[in-house]
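Peer 1: Here's a structure for you.
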Amino acid sequence: MKTLNVSISPHIRSSNTTMKIMLDVIIAMSPAMIFGYIYFGWRALLISVISVSSCVLTEFIYEKLMKLPVTIGDLSAVVTGLVLAMSLYSTAPLWIPAVGGVFAILVVKMLFGGIGQNFMNPALTARCFLLLSFSRIMTDYPVLADGVTSATPLSLAANGQHVSYIEMLIGNHSGSIGETSAIAILIGAVYLVIRRVISPRIPLAVISSSIFFIILFSYIKGDAVTPNFIAVQVMGGGLLAGAVFMATDYTTSPVTSYGRIIYGSTIGLITAIIRCFGGSLEGISFAIITANLLTPIIEKLTYPKPLGTYGKKAEK
């Protein structure tokens with residue numbers, strides 16, 4: 001007789017499907033992405049189309065070749081493509097999102113069993129792969145509407161320059177396609193929380209711990225910590241988008257309440273270490289995929305014990 005393995009209770013039934021959840025994520029990402037298309041122009045839209053298409057086609061072709069059920073209808077590949085495009089500059093060569101999409105789906109997702117089996121966020125792992133493989137291309141500042149290249153707020157702040165709060169809120173500055181407008185990202189975050197697609201624990205833990213450790217490490221280094229410096233660290237890079245749309249990935253984040261706080265705080269700590277002591281001004285992508293690897297340990301340590309078992313030794 002085949003043994004049925006049942007996971008830890010409680011067992012909750014829900015009418016949500018993968019497609020419904022992914023559609024909500026797409027809707028939540030839309031304000032930030034649409035702003036990016038308007039601000040950076042048609043090339044930003046083209047990069048998104050290529051990124052999404054490469055993800056969907058890779059998943060479709062792989063499943064056909066392996067004679068597996070085709071799952072592109074669940075929209076998870078579309079979300080992967082959008083997350084990847086969100087983190088790219090509009091000046092990236094058009095083959096960059098294509099290569100990134102293939103890597104995300106084929107190497108990180110499908111070769112590990114498909115949706116729900118990957119141990120790292122596919123889009124962010126692909127972005128880190130691209131950063132390591134094509135670092136110069138991946139760090140070229142985009143050309144703004146006036147035809148002039150502009151450094152990101154993080155770069156300006158690193159040089160001691162003041163960055164406008166309003167410009168960071170609206171998104172009137174250089175950056176990745178979907179990571180510039182803080183307001184647009186926060187609109188998406190509110191939508192996801194209201195729809196109960198994500199819990200606010202992870203985003204709040206990521207943001208608050210990042211602020212805490214960046215301030216702490218900056219004091220240790222003897223760097224000046226001003227309100228503008230803190231605002232830039234939160235709104236001037238990929239921290240908000242990473243905390244809301246990337247760190248909350250169901251497959252690679254903990255399911256326990258305390259685990260989510262520890263997981264988010266770990267991301268904040270690693271982000272602060274990279275930004276304050278590393279060679280990168282960003283760090284959120286590497287922080288998230290590192291925390292992804294720690295998720296099984298975090299869940300094991302934070303699983304609640306069944307009622308009546310506290311203090312008891314396991315029977316041999």
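Chain labels run A, B, ... following the order of the structure tokens; each chain numbers its residues from 1, and ligands are numbered from 1 in the order shown.
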Please list as number ranges by chain every residue within 7 Å of Thr58 of chain A, counting only C-alpha atoms and excluding residues in the same chain fewer than 3 positions away.
Peer 2: A: 54-55, 61-62, 102, 105-106
Peer 1: Can I get the selected residues back with C-alpha atoms, as a CSV table (one decimal), in the first residue's frame?
Peer 2:
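Wrote it out as part.csv, contents follow:
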```csv
chain,number,residue,atom,x,y,z
A,54,SER,CA,11.4,34.2,-23.8
A,55,CYS,CA,10.2,32.9,-20.5
A,61,ILE,CA,9.2,24.2,-25.6
A,62,TYR,CA,10.7,22.4,-22.6
A,102,VAL,CA,15.9,31.3,-20.9
A,105,ILE,CA,12.9,29.2,-16.8
A,106,LEU,CA,15.2,26.4,-18.0
```
Peer 1: Extract, using only C-alpha atoms, all DNA, RNA and protein residues at most 7 Å from segment 254-269 of chain A, discarding same-chain residues fewer than 3 positions from it, and format them as a PyMOL selection string.
Peer 2: chain A and resi 201-203+205-207+209-210+213+272-273+287-288+291+295+298-299+302-303
Peer 1: Using only C-alpha atoms, which protein or nucleic acid residues come within 10 Å of segment 110-127 of chain A? Drop anything in the same chain fewer than 3 positions from it, and give the result as an MDAnalysis selection string.
Peer 2: chainID A and resid 18 51 55 58:59 62:63 71 74 76:77 79:88 96:97 99:107 130:133 138 242 246:253 284:296
Peer 1: Would you kindly return, as an NGL selection string, each protein, DNA or RNA residue with an atom no farther than 9 Å from any atom of segment 222-230 of chain A, considering only C-alpha atoms and excluding same-chain residues fewer than 5 positions away?
Peer 2: :A and (154 or 157-158 or 160 or 162-165 or 211 or 214-215 or 217 or 235)
Peer 1: Store the residues picked out above, limited to C-alpha atoms, as a PDB file, in the first residue's frame.
Peer 2:
```
ATOM      1  CA  LEU A 154      22.237  55.579  -5.003  1.00  0.00           C
ATOM      2  CA  ALA A 157      24.111  59.756  -2.681  1.00  0.00           C
ATOM      3  CA  ALA A 158      27.390  57.809  -2.610  1.00  0.00           C
ATOM      4  CA  GLY A 160      27.449  63.103  -1.269  1.00  0.00           C
ATOM      5  CA  HIS A 162      21.287  65.550  -2.469  1.00  0.00           C
ATOM      6  CA  VAL A 163      18.428  63.799  -4.292  1.00  0.00           C
ATOM      7  CA  SER A 164      14.906  65.234  -4.405  1.00  0.00           C
ATOM      8  CA  TYR A 165      12.322  63.353  -2.332  1.00  0.00           C
ATOM      9  CA  ILE A 211      17.293  50.865   7.240  1.00  0.00           C
ATOM     10  CA  ILE A 214      22.525  50.591   6.877  1.00  0.00           C
ATOM     11  CA  ILE A 215      22.382  53.260   9.604  1.00  0.00           C
ATOM     12  CA  PHE A 217      27.066  50.178   9.456  1.00  0.00           C
ATOM     13  CA  MET A 235      13.422  54.744  -2.612  1.00  0.00           C
TER      14      MET A 235
END
```
Peer 1: Nearest residue to Gly171 of chain A out of A:Met19, A:Val197, A:Met33, A:Ile26, using only C-alpha atoms?
Peer 2: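 Among the listed residues, A:Met33 lies closest to Gly171 of chain A.
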Peer 1: Ranking A:Val108, A:Leu156, A:Ala92, A:Val49 by minimum distance to Ser135 of chain A and counting only C-alpha atoms, which one comes first?
Peer 2: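 Nearest to Ser135 of chain A: A:Ala92.
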Peer 1: At what distance in Å, to one decimal, does atom CA of Ser199 of chain A lie from atom CA of Pro153 of chain A?
Peer 2: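 Distance between the two atoms: 28.5 Å.
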Peer 1: Find the residue from A:Ala98, A:Leu65, A:Ile220, A:Ile187 that sits nearest to Ile27 of chain A; use only C-alpha atoms when measuring.
Peer 2: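 Looking at the shortest contact to Ile27 of chain A, the residue is A:Ile187.
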Peer 1: Would you return as an MDAnalysis selection string the members of segment 207-243 of chain A that DSSP assigns to helix (DSSP H, G or I) on this structure's backbone?
Peer 2: chainID A and resid 207:221 227:235 239:243
Peer 1: Using only C-alpha atoms for the distances, tell me which of A:Ser30, A:Asn172, A:Asn16, A:Thr152 is nearest to Tyr191 of chain A.
Peer 2: A:Ser30
Peer 1: Write out as number ranges by chain each polymer residue whose atoms come within 8 Å of Ala182 of chain A, counting only C-alpha atoms; drop sequence neighbours fewer than 2 positions from it.
Peer 2: A: 168-171, 179-180, 184-186, 235, 240
Peer 1: What is the atom CA of Phe245 of chain A to atom CA of Ile270 of chain A distance in Å?
Peer 2: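 Between atom CA of Phe245 of chain A and atom CA of Ile270 of chain A the gap is 17.9 Å.
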Peer 1: Mind giving me the straight-line distance from atom CA of Arg43 of chain A to atom CA of Ser90 of chain A in Å, one decimal?
Peer 2: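 Interatomic distance, atom CA of Arg43 of chain A to atom CA of Ser90 of chain A: 6.0 Å.
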Peer 1: For Val232 of chain A, which residue out of A:Ala189, A:Ala44, A:Ile194, A:Ile166 is the nearest one, using only C-alpha atoms?
Peer 2: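 Distance minimum relative to Val232 of chain A lands on A:Ile166.
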